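Here's structure_32.txt, which has compact mmCIF, C-alpha atoms:
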```
# COMPACT_ATOMS: atom_id res chain seq x y z
CA MET A 1 -5.89 -5.53 18.74
CA ALA A 2 -8.44 -7.14 16.48
CA PRO A 3 -7.60 -10.59 15.09
CA VAL A 4 -6.77 -11.19 11.46
CA SER A 5 -9.82 -12.39 9.56
CA LYS A 6 -9.90 -16.19 9.58
CA SER A 7 -10.11 -16.31 5.81
CA ASP A 8 -6.88 -14.32 5.52
CA THR A 9 -4.70 -16.57 7.71
CA THR A 10 -3.63 -18.97 4.94
CA ASN A 11 -2.31 -16.48 2.38
CA GLU A 12 1.35 -16.14 3.38
CA ASP A 13 2.46 -18.22 0.36
CA TRP A 14 -0.36 -17.44 -2.04
CA MET A 15 1.84 -16.52 -4.99
CA SER A 16 3.74 -19.80 -4.85
CA THR A 17 0.47 -21.73 -4.78
CA LEU A 18 -1.17 -20.04 -7.78
CA PRO A 19 -1.99 -22.48 -10.62
CA GLU A 20 0.85 -22.98 -13.09
CA GLU A 21 -1.31 -21.51 -15.87
CA LEU A 22 -0.77 -18.10 -14.24
CA TRP A 23 3.01 -18.29 -13.82
CA ASP A 24 3.72 -16.76 -17.23
CA LEU A 25 1.35 -13.82 -16.90
CA PRO A 26 2.97 -10.49 -15.98
CA LEU A 27 2.26 -9.28 -12.46
CA THR A 28 0.52 -6.30 -14.06
CA SER A 29 -2.24 -8.73 -15.15
CA LEU A 30 -2.75 -10.34 -11.74
CA ALA A 31 -4.97 -9.15 -8.89
CA ILE A 32 -2.62 -8.16 -6.05
CA PRO A 33 -3.76 -7.12 -2.55
CA GLY A 34 -2.29 -3.84 -1.33
CA SER A 35 -2.09 -1.85 1.89
CA HIS A 36 -2.81 1.89 1.78
CA ASP A 37 -0.56 3.84 4.16
CA ALA A 38 0.80 0.49 5.26
CA MET A 39 2.82 1.76 8.22
CA SER A 40 0.20 3.91 9.93
CA TYR A 41 -0.44 1.20 12.54
CA CYS A 42 2.51 2.56 14.53
CA LEU A 43 2.08 6.32 14.36
CA ASP A 44 3.80 8.25 17.14
CA ILE A 45 1.09 10.45 18.59
CA THR A 46 3.73 12.68 20.22
CA SER A 47 5.72 13.34 17.02
CA PRO A 48 5.55 16.62 15.07
CA LEU A 49 3.17 17.12 12.18
CA VAL A 50 4.79 16.50 8.81
CA ARG A 51 6.04 19.55 6.94
CA SER A 52 3.31 19.49 4.30
CA GLU A 53 0.41 19.86 6.73
CA SER A 54 -1.50 23.12 6.51
CA SER A 55 -0.58 26.12 8.63
CA THR A 56 -4.14 26.07 10.02
CA LEU A 57 -3.76 22.53 11.36
CA LYS A 58 -0.34 23.36 12.76
CA MET A 59 -1.77 26.37 14.58
CA LEU A 60 -4.68 24.35 15.99
CA ASP A 61 -2.29 21.59 17.02
CA ARG A 62 -0.13 24.03 18.97
CA ALA A 63 -3.13 25.61 20.69
CA PHE A 64 -5.30 22.54 21.31
CA TYR A 65 -2.80 19.66 21.33
CA CYS A 66 -4.82 17.51 23.75
CA PHE A 67 -7.81 17.75 21.41
CA THR A 68 -6.14 17.51 18.02
CA ARG A 69 -3.85 14.55 18.67
CA PRO A 70 -6.51 11.91 19.47
CA LEU A 71 -8.49 13.21 16.48
CA ILE A 72 -5.48 13.00 14.17
CA TYR A 73 -4.75 9.47 15.33
CA LYS A 74 -8.36 8.33 14.75
CA TRP A 75 -8.29 9.51 11.15
CA ALA A 76 -4.64 9.00 10.18
CA ASN A 77 -4.49 5.39 11.37
CA THR A 78 -5.35 3.15 8.40
CA GLN A 79 -4.00 -0.25 9.50
CA VAL A 80 -3.98 -2.23 12.74
CA ARG A 81 -1.49 -5.01 11.98
CA ASP A 82 2.26 -4.66 11.57
CA ILE A 83 3.95 -5.14 8.22
CA LEU A 84 4.93 -8.76 8.85
CA GLU A 85 1.36 -9.64 9.81
CA GLN A 86 0.15 -7.90 6.66
CA LEU A 87 2.58 -10.04 4.65
CA GLU A 88 1.25 -13.17 6.37
CA ALA A 89 -2.30 -12.09 5.51
CA GLY A 90 -1.38 -11.85 1.81
CA ILE A 91 -0.57 -8.17 1.22
CA ARG A 92 2.00 -7.79 -1.57
CA TYR A 93 1.84 -4.04 -2.35
CA PHE A 94 2.83 -1.55 0.34
CA ASP A 95 2.20 2.19 0.18
CA LEU A 96 5.20 3.63 2.07
CA ARG A 97 5.40 7.38 2.67
CA ILE A 98 8.85 8.38 3.81
CA ALA A 99 10.29 11.49 5.46
CA HIS A 100 13.07 12.89 7.59
CA LYS A 101 11.83 14.46 10.81
CA GLN A 102 12.15 18.18 11.25
CA ASN A 103 14.94 19.26 13.57
CA ASP A 104 16.24 15.70 13.83
CA SER A 105 20.04 15.57 13.90
CA SER A 106 20.10 11.85 13.09
CA ASP A 107 19.96 10.34 9.61
CA ASP A 108 16.97 8.16 10.51
CA LEU A 109 14.01 8.14 8.15
CA TYR A 110 10.45 7.46 9.25
CA PHE A 111 7.15 6.62 7.61
CA THR A 112 4.44 9.25 7.74
CA HIS A 113 0.73 9.90 7.56
CA VAL A 114 0.07 13.37 9.02
CA ILE A 115 2.54 12.50 11.80
CA TYR A 116 5.57 10.19 11.94
CA THR A 117 5.82 6.53 12.86
CA GLN A 118 7.53 5.08 15.92
CA VAL A 119 9.70 2.74 13.83
CA THR A 120 12.35 3.70 11.31
CA VAL A 121 12.31 2.85 7.62
CA VAL A 122 15.54 0.85 7.63
CA GLU A 123 14.62 -1.46 10.51
CA THR A 124 11.22 -2.12 8.95
CA LEU A 125 12.59 -2.97 5.52
CA GLN A 126 15.23 -5.22 7.06
CA ALA A 127 12.39 -7.20 8.65
CA VAL A 128 10.66 -7.44 5.25
CA ALA A 129 13.88 -8.71 3.65
CA ALA A 130 14.21 -11.41 6.32
CA TRP A 131 10.58 -12.47 5.76
CA LEU A 132 11.19 -12.73 2.02
CA SER A 133 14.20 -14.97 2.62
CA ASP A 134 11.84 -17.35 4.41
CA HIS A 135 9.31 -17.12 1.55
CA PRO A 136 11.46 -17.29 -1.61
CA LYS A 137 8.55 -17.43 -4.07
CA GLU A 138 6.67 -14.43 -2.75
CA ILE A 139 7.07 -11.10 -4.56
CA VAL A 140 6.43 -7.69 -3.00
CA ILE A 141 5.95 -4.25 -4.53
CA LEU A 142 7.24 -1.49 -2.27
CA ALA A 143 5.97 1.93 -3.32
CA CYS A 144 8.16 4.58 -1.69
CA SER A 145 6.91 8.14 -2.04
CA HIS A 146 6.55 11.65 -0.60
CA PHE A 147 10.14 11.92 0.74
CA GLU A 148 9.52 15.05 2.80
CA GLY A 149 12.67 16.73 4.11
CA ILE A 150 14.98 14.43 2.13
CA SER A 151 17.84 16.11 0.30
CA GLU A 152 19.53 14.72 -2.79
CA GLN A 153 22.36 13.42 -0.62
CA ARG A 154 19.92 11.69 1.73
CA HIS A 155 18.20 10.13 -1.29
CA GLU A 156 21.49 8.59 -2.40
CA GLU A 157 22.27 7.37 1.12
CA PHE A 158 18.80 5.86 1.42
CA ILE A 159 19.03 4.18 -1.98
CA PHE A 160 22.39 2.72 -0.96
CA SER A 161 20.77 1.27 2.18
CA LEU A 162 17.92 -0.19 0.08
CA LYS A 163 20.40 -1.95 -2.18
CA LYS A 164 22.29 -3.24 0.85
CA THR A 165 19.08 -4.47 2.52
CA PHE A 166 17.55 -6.29 -0.44
CA GLY A 167 20.63 -7.06 -2.53
CA SER A 168 19.98 -9.58 -5.30
CA LYS A 169 16.26 -9.64 -4.44
CA LEU A 170 15.81 -6.28 -6.23
CA CYS A 171 14.23 -6.66 -9.65
CA PRO A 172 15.77 -4.35 -12.28
CA ARG A 173 13.49 -1.83 -13.92
CA ASN A 174 11.62 -3.21 -16.94
CA ALA A 175 12.81 -6.80 -16.37
CA SER A 176 10.46 -9.73 -17.04
CA ILE A 177 7.88 -9.69 -14.28
CA THR A 178 6.14 -13.02 -14.64
CA LEU A 179 6.20 -15.25 -11.60
CA ARG A 180 8.22 -17.89 -13.46
CA GLY A 181 10.74 -15.30 -14.64
CA LEU A 182 11.10 -13.69 -11.22
CA TRP A 183 11.50 -17.04 -9.49
CA SER A 184 14.21 -18.18 -11.91
CA SER A 185 16.14 -14.94 -11.37
CA GLY A 186 15.68 -14.83 -7.59
CA TYR A 187 14.00 -11.43 -7.74
CA GLN A 188 11.46 -10.73 -4.99
CA VAL A 189 11.25 -6.94 -4.68
CA ILE A 190 9.86 -4.45 -7.17
CA LEU A 191 10.90 -1.14 -5.67
CA SER A 192 8.90 1.85 -6.89
CA TYR A 193 10.66 5.11 -6.03
CA ASP A 194 8.56 8.17 -6.79
CA ASP A 195 11.37 10.68 -7.18
CA GLN A 196 13.65 11.78 -10.02
CA ALA A 197 16.54 10.08 -8.20
CA ALA A 198 15.12 6.76 -9.45
CA ALA A 199 16.35 7.44 -12.98
CA ARG A 200 19.98 6.98 -11.87
CA HIS A 201 19.41 3.47 -10.51
CA LYS A 202 18.34 0.47 -12.61
CA VAL A 203 16.80 -1.33 -9.64
CA LEU A 204 14.34 1.50 -8.95
CA TRP A 205 11.00 1.59 -10.76
CA ASN A 206 9.00 4.72 -11.47
CA GLY A 207 6.08 5.79 -9.30
CA ILE A 208 2.96 3.64 -9.66
CA PRO A 209 -0.32 5.43 -10.53
CA TYR A 210 -2.88 5.32 -7.69
CA TRP A 211 -6.59 5.80 -8.31
CA TRP A 212 -7.67 7.80 -5.25
CA ALA A 213 -11.33 8.75 -5.06
CA ASN A 214 -11.02 11.17 -2.13
CA LYS A 215 -14.59 10.29 -1.08
CA ALA A 216 -16.19 9.34 2.25
CA SER A 217 -18.85 6.91 1.00
CA ALA A 218 -18.72 3.58 -0.81
CA ASP A 219 -21.18 4.77 -3.48
CA GLU A 220 -19.01 7.76 -4.41
CA LEU A 221 -15.86 5.63 -4.27
CA ILE A 222 -17.32 3.05 -6.65
CA GLN A 223 -18.63 5.74 -8.98
CA TYR A 224 -15.11 7.19 -9.22
CA LEU A 225 -13.47 3.80 -9.82
CA GLU A 226 -16.00 2.91 -12.51
CA TRP A 227 -15.28 6.24 -14.19
CA GLN A 228 -11.58 5.41 -14.16
CA LYS A 229 -12.24 1.98 -15.63
CA GLU A 230 -14.24 3.52 -18.48
CA HIS A 231 -11.16 5.55 -19.41
CA GLY A 232 -8.99 2.42 -19.46
CA ARG A 233 -6.29 1.01 -17.25
CA PRO A 234 -2.63 2.13 -17.51
CA GLY A 235 -0.27 -0.18 -19.35
CA GLY A 236 1.90 -1.14 -16.37
CA PHE A 237 1.30 -1.46 -12.65
CA PHE A 238 -1.47 0.65 -11.18
CA VAL A 239 -3.46 0.75 -7.97
CA ALA A 240 -7.22 0.96 -7.48
CA GLY A 241 -7.61 2.48 -4.03
CA LEU A 242 -10.57 1.31 -1.97
CA ASN A 243 -9.65 3.67 0.86
CA LEU A 244 -12.21 6.23 1.95
CA THR A 245 -11.27 9.82 2.77
CA ALA A 246 -13.14 12.15 5.11
CA GLU A 247 -12.76 15.89 4.79
CA ARG A 248 -12.40 18.05 7.89
CA CYS A 249 -16.04 19.17 7.75
CA PHE A 250 -17.16 15.53 7.82
CA ILE A 251 -14.83 14.79 10.75
CA ALA A 252 -16.12 17.80 12.70
CA CYS A 253 -19.74 16.78 12.12
CA ASN A 254 -19.11 13.14 13.12
CA PRO A 255 -17.07 13.31 16.35
CA GLN A 256 -17.91 9.74 17.35
CA MET A 257 -16.59 8.24 14.14
CA SER A 258 -13.09 7.23 13.08
CA LEU A 259 -11.61 6.08 9.79
CA GLN A 260 -11.94 2.51 11.04
CA THR A 261 -15.67 2.81 11.82
CA LEU A 262 -16.24 4.58 8.49
CA THR A 263 -14.43 1.79 6.64
CA LYS A 264 -16.37 -0.95 8.43
CA LYS A 265 -19.67 0.83 7.80
CA ASN A 266 -19.04 0.87 4.06
CA TRP A 267 -17.34 -2.52 3.76
CA ASP A 268 -20.34 -4.59 2.61
CA CYS A 269 -20.97 -2.29 -0.34
CA VAL A 270 -17.27 -2.17 -1.25
CA ARG A 271 -17.04 -5.96 -0.93
CA ARG A 272 -19.87 -6.60 -3.35
CA TRP A 273 -18.22 -4.36 -5.94
CA LEU A 274 -14.80 -5.92 -5.33
CA GLU A 275 -16.06 -9.46 -5.88
CA GLU A 276 -17.32 -8.46 -9.33
CA GLN A 277 -13.94 -7.19 -10.56
CA THR A 278 -11.61 -8.96 -12.97
CA PRO A 279 -7.82 -8.82 -13.41
CA GLY A 280 -6.14 -9.21 -16.80
CA THR A 281 -5.32 -7.02 -19.78
CA ASP A 282 -8.77 -5.69 -20.70
CA THR A 283 -9.13 -1.93 -20.47
CA SER A 284 -11.56 -2.31 -17.55
CA SER A 285 -9.47 -4.84 -15.61
CA LEU A 286 -7.80 -4.15 -12.27
CA ASN A 287 -4.29 -4.92 -11.04
CA ILE A 288 -3.20 -3.86 -7.55
CA ILE A 289 -6.14 -3.22 -5.23
CA ALA A 290 -5.33 -1.39 -2.00
CA GLY A 291 -7.41 -0.71 1.06
CA ASP A 292 -7.48 0.34 4.70
CA PHE A 293 -7.69 -2.04 7.68
CA VAL A 294 -6.90 -4.92 5.35
CA CYS A 295 -6.55 -7.43 8.19
CA LEU A 296 -9.95 -6.71 9.78
CA VAL A 297 -11.92 -8.06 6.80
CA PRO A 298 -11.31 -10.89 4.28
CA PHE A 299 -9.84 -8.36 1.86
CA CYS A 300 -6.78 -10.32 0.77
CA SER A 301 -8.67 -13.55 0.15
CA ILE A 302 -11.23 -11.79 -2.03
CA VAL A 303 -8.56 -10.07 -4.13
CA ILE A 304 -6.47 -13.24 -4.52
CA THR A 305 -9.56 -15.23 -5.53
CA LEU A 306 -10.16 -12.82 -8.42
CA ASN A 307 -7.20 -14.48 -10.17
CA LYS A 308 -9.32 -17.60 -10.71
CA LYS A 309 -11.19 -15.61 -13.34
CA LEU A 310 -8.00 -15.58 -15.40
CA LEU A 311 -8.12 -19.39 -15.50
CA LYS A 312 -11.59 -19.26 -16.99
CA GLN A 313 -10.34 -16.83 -19.65
CA SER A 314 -7.43 -19.09 -20.62
CA THR A 315 -9.47 -22.33 -20.77
CA PRO A 316 -10.06 -23.41 -24.41
CA GLN A 317 -13.64 -23.60 -25.50
CA GLY A 318 -15.08 -27.09 -25.38
CA SER A 319 -12.55 -28.38 -22.88
```

Re-express the file's structure as structure tokens.
Amino acid sequence: MAPVSKSDTTNEDWMSTLPEELWDLPLTSLAIPGSHDAMSYCLDITSPLVRSESSTLKMLDRAFYCFTRPLIYKWANTQVRDILEQLEAGIRYFDLRIAHKQNDSSDDLYFTHVIYTQVTVVETLQAVAAWLSDHPKEIVILACSHFEGISEQRHEEFIFSLKKTFGSKLCPRNASITLRGLWSSGYQVILSYDDQAAARHKVLWNGIPYWWANKASADELIQYLEWQKEHGRPGGFFVAGLNLTAERCFIACNPQMSLQTLTKKNWDCVRRWLEEQTPGTDTSSLNIIAGDFVCLVPFCSIVITLNKKLLKQSTPQGS
């Protein structure tokens, strides 16, 4: 397994060490590093395809399993470090896609990206809660979505387990979300739940918009993100996705490549663009910035450093 970038080894307490001038800004105005498909580092290559996959892929997978599975793994795997290591590196937004396995008699839920993970949702989130207890000034945004195969009853059971796991750490919807305010209240978890079940629970936030380019090159990705910026940022939390996406034709024509090699190939271009971005309240500012293989490059450090630009904005002229 590749080591965490040296420049991302000192970010485990980055929120608590931000300058005091930033403590009263809402989190929606800060630059926050995020992990796209955060749990795909532990995909179970032997698990079934998720329900939403196309009938064509399902047919190919049944007929040519030994060929399709390594290919799926190469392109569905978006991270190489586990969730605790991502937290240590500075990630504070986690894209979590959740499902119940087909034909599974248990109540266990798993994370997904084309296939299911080896670890369950509950055991993973319990580990996150324990980490937060050891880092009382760090705030995380957990974006739960997709929920394939989850009935209304399972939603309620899962929500009950979330409340039990995080307890008083859960920040109520629409509460003050400045660092100072969250610290004084003991809130550490903003839990986005992209399902109508969220409306019945005050500790669940609505789904967070995600700018997804669906492109395989850095140039096209940047063009899409600049187009989004021209139209103005949303008022609350939102995510600018730096993750690249390869269509099946691209994958078939590039058998030696993987999502990891594609990401590394385009990183220098993406990095230059990223370093030019600014958080804040301007219509063209960014908030959460999510990427793939976030621990293989100095992604977190670059995003966190963007917050220094907010200090320049708040400094009085002539001082």

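Nearest to A:Trp14 of all the residues A:Ile251, A:Cys42, A:Ala129, A:Cys300 is A:Cys300, counting all atoms listed in the file.
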
For the atom pair atom CA of A:His100 and atom CA of A:Phe237, what is the interatomic distance in Å to one decimal place?
->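 Separating atom CA of A:His100 from atom CA of A:Phe237 is a distance of 27.5 Å.
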
Dump as a PyMOL selection string all residues having an atom at most 12 Å from (-8.8, -4.4, 12.9), computed in the file's coordinates with all atoms listed in the file.
-> chain A and resi 1-5+41+77-82+85-86+259-261+263-264+292-299

Could you give me the axis-aligned bounding box of stretch 170-180 of chain A, with 6 Å of padding per side, as centre plus edge lengths in Å to one decimal, as lines of an AutoDock Vina configuration file?
```
center_x = 11.0
center_y = -9.9
center_z = -11.6
size_x = 21.7
size_y = 28.1
size_z = 22.8
```

For atom CA of A:Val121 and atom CA of A:Val189, the interatomic separation in Å (one decimal) |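 So the answer is 15.8 Å.
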
Residues within 7 Å of A:Ala38, all atoms listed in the file, excluding chain neighbours under 5 positions, as a list of chain:residue names =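 Near A:Ala38, the qualifying residues are A:Gln79, A:Phe94, A:Asp95, A:Leu96.
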
Which residue of A:Ile83, A:Ile150, A:Leu286, A:Leu182 approaches A:Arg233 most closely, using all atoms listed in the file |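 Going through A:Ile83, A:Ile150, A:Leu286, A:Leu182 one by one, the smallest distance to A:Arg233 is for A:Leu286.
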
With a distance cut-off of 9 Å and all atoms listed in the file, select the neighbouring residues of A:Pro136, excluding the residue or stretch itself and same-chain residues fewer than 5 positions from it, and output the selection as a ChimeraX atom specification.
-> /A:16,131,183,186-188

Separating atom CA of A:Arg62 from atom CA of A:Pro255, to the nearest tenth of an Å, is a gap of 20.2 Å

Within 12 Å of (-12.4, 2.6, -11.3), in the coordinates the file gives, what residues turn up when you count all atoms listed in the file, written out as a PyMOL selection string?
-> chain A and resi 210-213+219-234+238-242+273-274+277-278+283-289

For the residues selected in the previous step, produce a file with C-alpha atoms as a PDB file, in the coordinates of the input.
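New file part30.pdb:
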```
ATOM      1  CA  TYR A 210      -2.880   5.320  -7.690  1.00  0.00           C
ATOM      2  CA  TRP A 211      -6.590   5.800  -8.310  1.00  0.00           C
ATOM      3  CA  TRP A 212      -7.670   7.800  -5.250  1.00  0.00           C
ATOM      4  CA  ALA A 213     -11.330   8.750  -5.060  1.00  0.00           C
ATOM      5  CA  ASP A 219     -21.180   4.770  -3.480  1.00  0.00           C
ATOM      6  CA  GLU A 220     -19.010   7.760  -4.410  1.00  0.00           C
ATOM      7  CA  LEU A 221     -15.860   5.630  -4.270  1.00  0.00           C
ATOM      8  CA  ILE A 222     -17.320   3.050  -6.650  1.00  0.00           C
ATOM      9  CA  GLN A 223     -18.630   5.740  -8.980  1.00  0.00           C
ATOM     10  CA  TYR A 224     -15.110   7.190  -9.220  1.00  0.00           C
ATOM     11  CA  LEU A 225     -13.470   3.800  -9.820  1.00  0.00           C
ATOM     12  CA  GLU A 226     -16.000   2.910 -12.510  1.00  0.00           C
ATOM     13  CA  TRP A 227     -15.280   6.240 -14.190  1.00  0.00           C
ATOM     14  CA  GLN A 228     -11.580   5.410 -14.160  1.00  0.00           C
ATOM     15  CA  LYS A 229     -12.240   1.980 -15.630  1.00  0.00           C
ATOM     16  CA  GLU A 230     -14.240   3.520 -18.480  1.00  0.00           C
ATOM     17  CA  HIS A 231     -11.160   5.550 -19.410  1.00  0.00           C
ATOM     18  CA  GLY A 232      -8.990   2.420 -19.460  1.00  0.00           C
ATOM     19  CA  ARG A 233      -6.290   1.010 -17.250  1.00  0.00           C
ATOM     20  CA  PRO A 234      -2.630   2.130 -17.510  1.00  0.00           C
ATOM     21  CA  PHE A 238      -1.470   0.650 -11.180  1.00  0.00           C
ATOM     22  CA  VAL A 239      -3.460   0.750  -7.970  1.00  0.00           C
ATOM     23  CA  ALA A 240      -7.220   0.960  -7.480  1.00  0.00           C
ATOM     24  CA  GLY A 241      -7.610   2.480  -4.030  1.00  0.00           C
ATOM     25  CA  LEU A 242     -10.570   1.310  -1.970  1.00  0.00           C
ATOM     26  CA  TRP A 273     -18.220  -4.360  -5.940  1.00  0.00           C
ATOM     27  CA  LEU A 274     -14.800  -5.920  -5.330  1.00  0.00           C
ATOM     28  CA  GLN A 277     -13.940  -7.190 -10.560  1.00  0.00           C
ATOM     29  CA  THR A 278     -11.610  -8.960 -12.970  1.00  0.00           C
ATOM     30  CA  THR A 283      -9.130  -1.930 -20.470  1.00  0.00           C
ATOM     31  CA  SER A 284     -11.560  -2.310 -17.550  1.00  0.00           C
ATOM     32  CA  SER A 285      -9.470  -4.840 -15.610  1.00  0.00           C
ATOM     33  CA  LEU A 286      -7.800  -4.150 -12.270  1.00  0.00           C
ATOM     34  CA  ASN A 287      -4.290  -4.920 -11.040  1.00  0.00           C
ATOM     35  CA  ILE A 288      -3.200  -3.860  -7.550  1.00  0.00           C
ATOM     36  CA  ILE A 289      -6.140  -3.220  -5.230  1.00  0.00           C
TER      37      ILE A 289
END
```

Of the candidates A:Val140, A:Ala197, A:Cys269, A:Val50, which one gets nearest to A:Phe160 if we count all atoms listed in the file?
->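 Among the listed residues, the smallest separation from A:Phe160 belongs to A:Ala197.
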
Long-range neighbours of A:Thr165 as a list of chain:residue names, 8 Å cut-off, all atoms listed in the file, 2 positions minimum in chain =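 Near A:Thr165, the qualifying residues are A:Leu125, A:Gln126, A:Ala129, A:Ser161, A:Leu162, A:Lys163, A:Gly167.
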
Give me the residues within 12 Å of A:Ser151 as a PyMOL selection string, counting all atoms listed in the file and dropping any in the same chain fewer than 4 places off.
-> chain A and resi 99-100+107+109+147+155-158+195-197

A:Ser184 surroundings by all atoms listed in the file, 12 Å radius, close-in-sequence under 3 positions cut, as a PDB file with C-alpha atoms, in the coordinates of the input:
```pdb
ATOM      1  CA  TRP A  23       3.010 -18.290 -13.820  1.00  0.00           C
ATOM      2  CA  ASP A  24       3.720 -16.760 -17.230  1.00  0.00           C
ATOM      3  CA  PRO A 136      11.460 -17.290  -1.610  1.00  0.00           C
ATOM      4  CA  LYS A 137       8.550 -17.430  -4.070  1.00  0.00           C
ATOM      5  CA  LYS A 169      16.260  -9.640  -4.440  1.00  0.00           C
ATOM      6  CA  CYS A 171      14.230  -6.660  -9.650  1.00  0.00           C
ATOM      7  CA  SER A 176      10.460  -9.730 -17.040  1.00  0.00           C
ATOM      8  CA  ILE A 177       7.880  -9.690 -14.280  1.00  0.00           C
ATOM      9  CA  THR A 178       6.140 -13.020 -14.640  1.00  0.00           C
ATOM     10  CA  LEU A 179       6.200 -15.250 -11.600  1.00  0.00           C
ATOM     11  CA  ARG A 180       8.220 -17.890 -13.460  1.00  0.00           C
ATOM     12  CA  GLY A 181      10.740 -15.300 -14.640  1.00  0.00           C
ATOM     13  CA  TYR A 187      14.000 -11.430  -7.740  1.00  0.00           C
ATOM     14  CA  GLN A 188      11.460 -10.730  -4.990  1.00  0.00           C
TER      15      GLN A 188
END
```

For A:Ser192, the nearest of the candidates A:Ala216, A:Leu57, A:Cys144, A:Leu71, counting all atoms listed in the file =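 For A:Ser192, the nearest of the candidates is A:Cys144.
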
Nearest to A:Ser47 among A:Met59, A:Ile159, A:Val114, A:Leu30, with distances taken over all atoms listed in the file: which residue is it?
->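 Checking each candidate against A:Ser47, we get A:Val114 as the closest.
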
From A:Arg69, A:Pro48, A:Val122, A:Asp13, residue lying nearest A:Gly90 [all atoms listed in the file] |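 With all atoms listed in the file as the atom set, the closest residue is A:Asp13.
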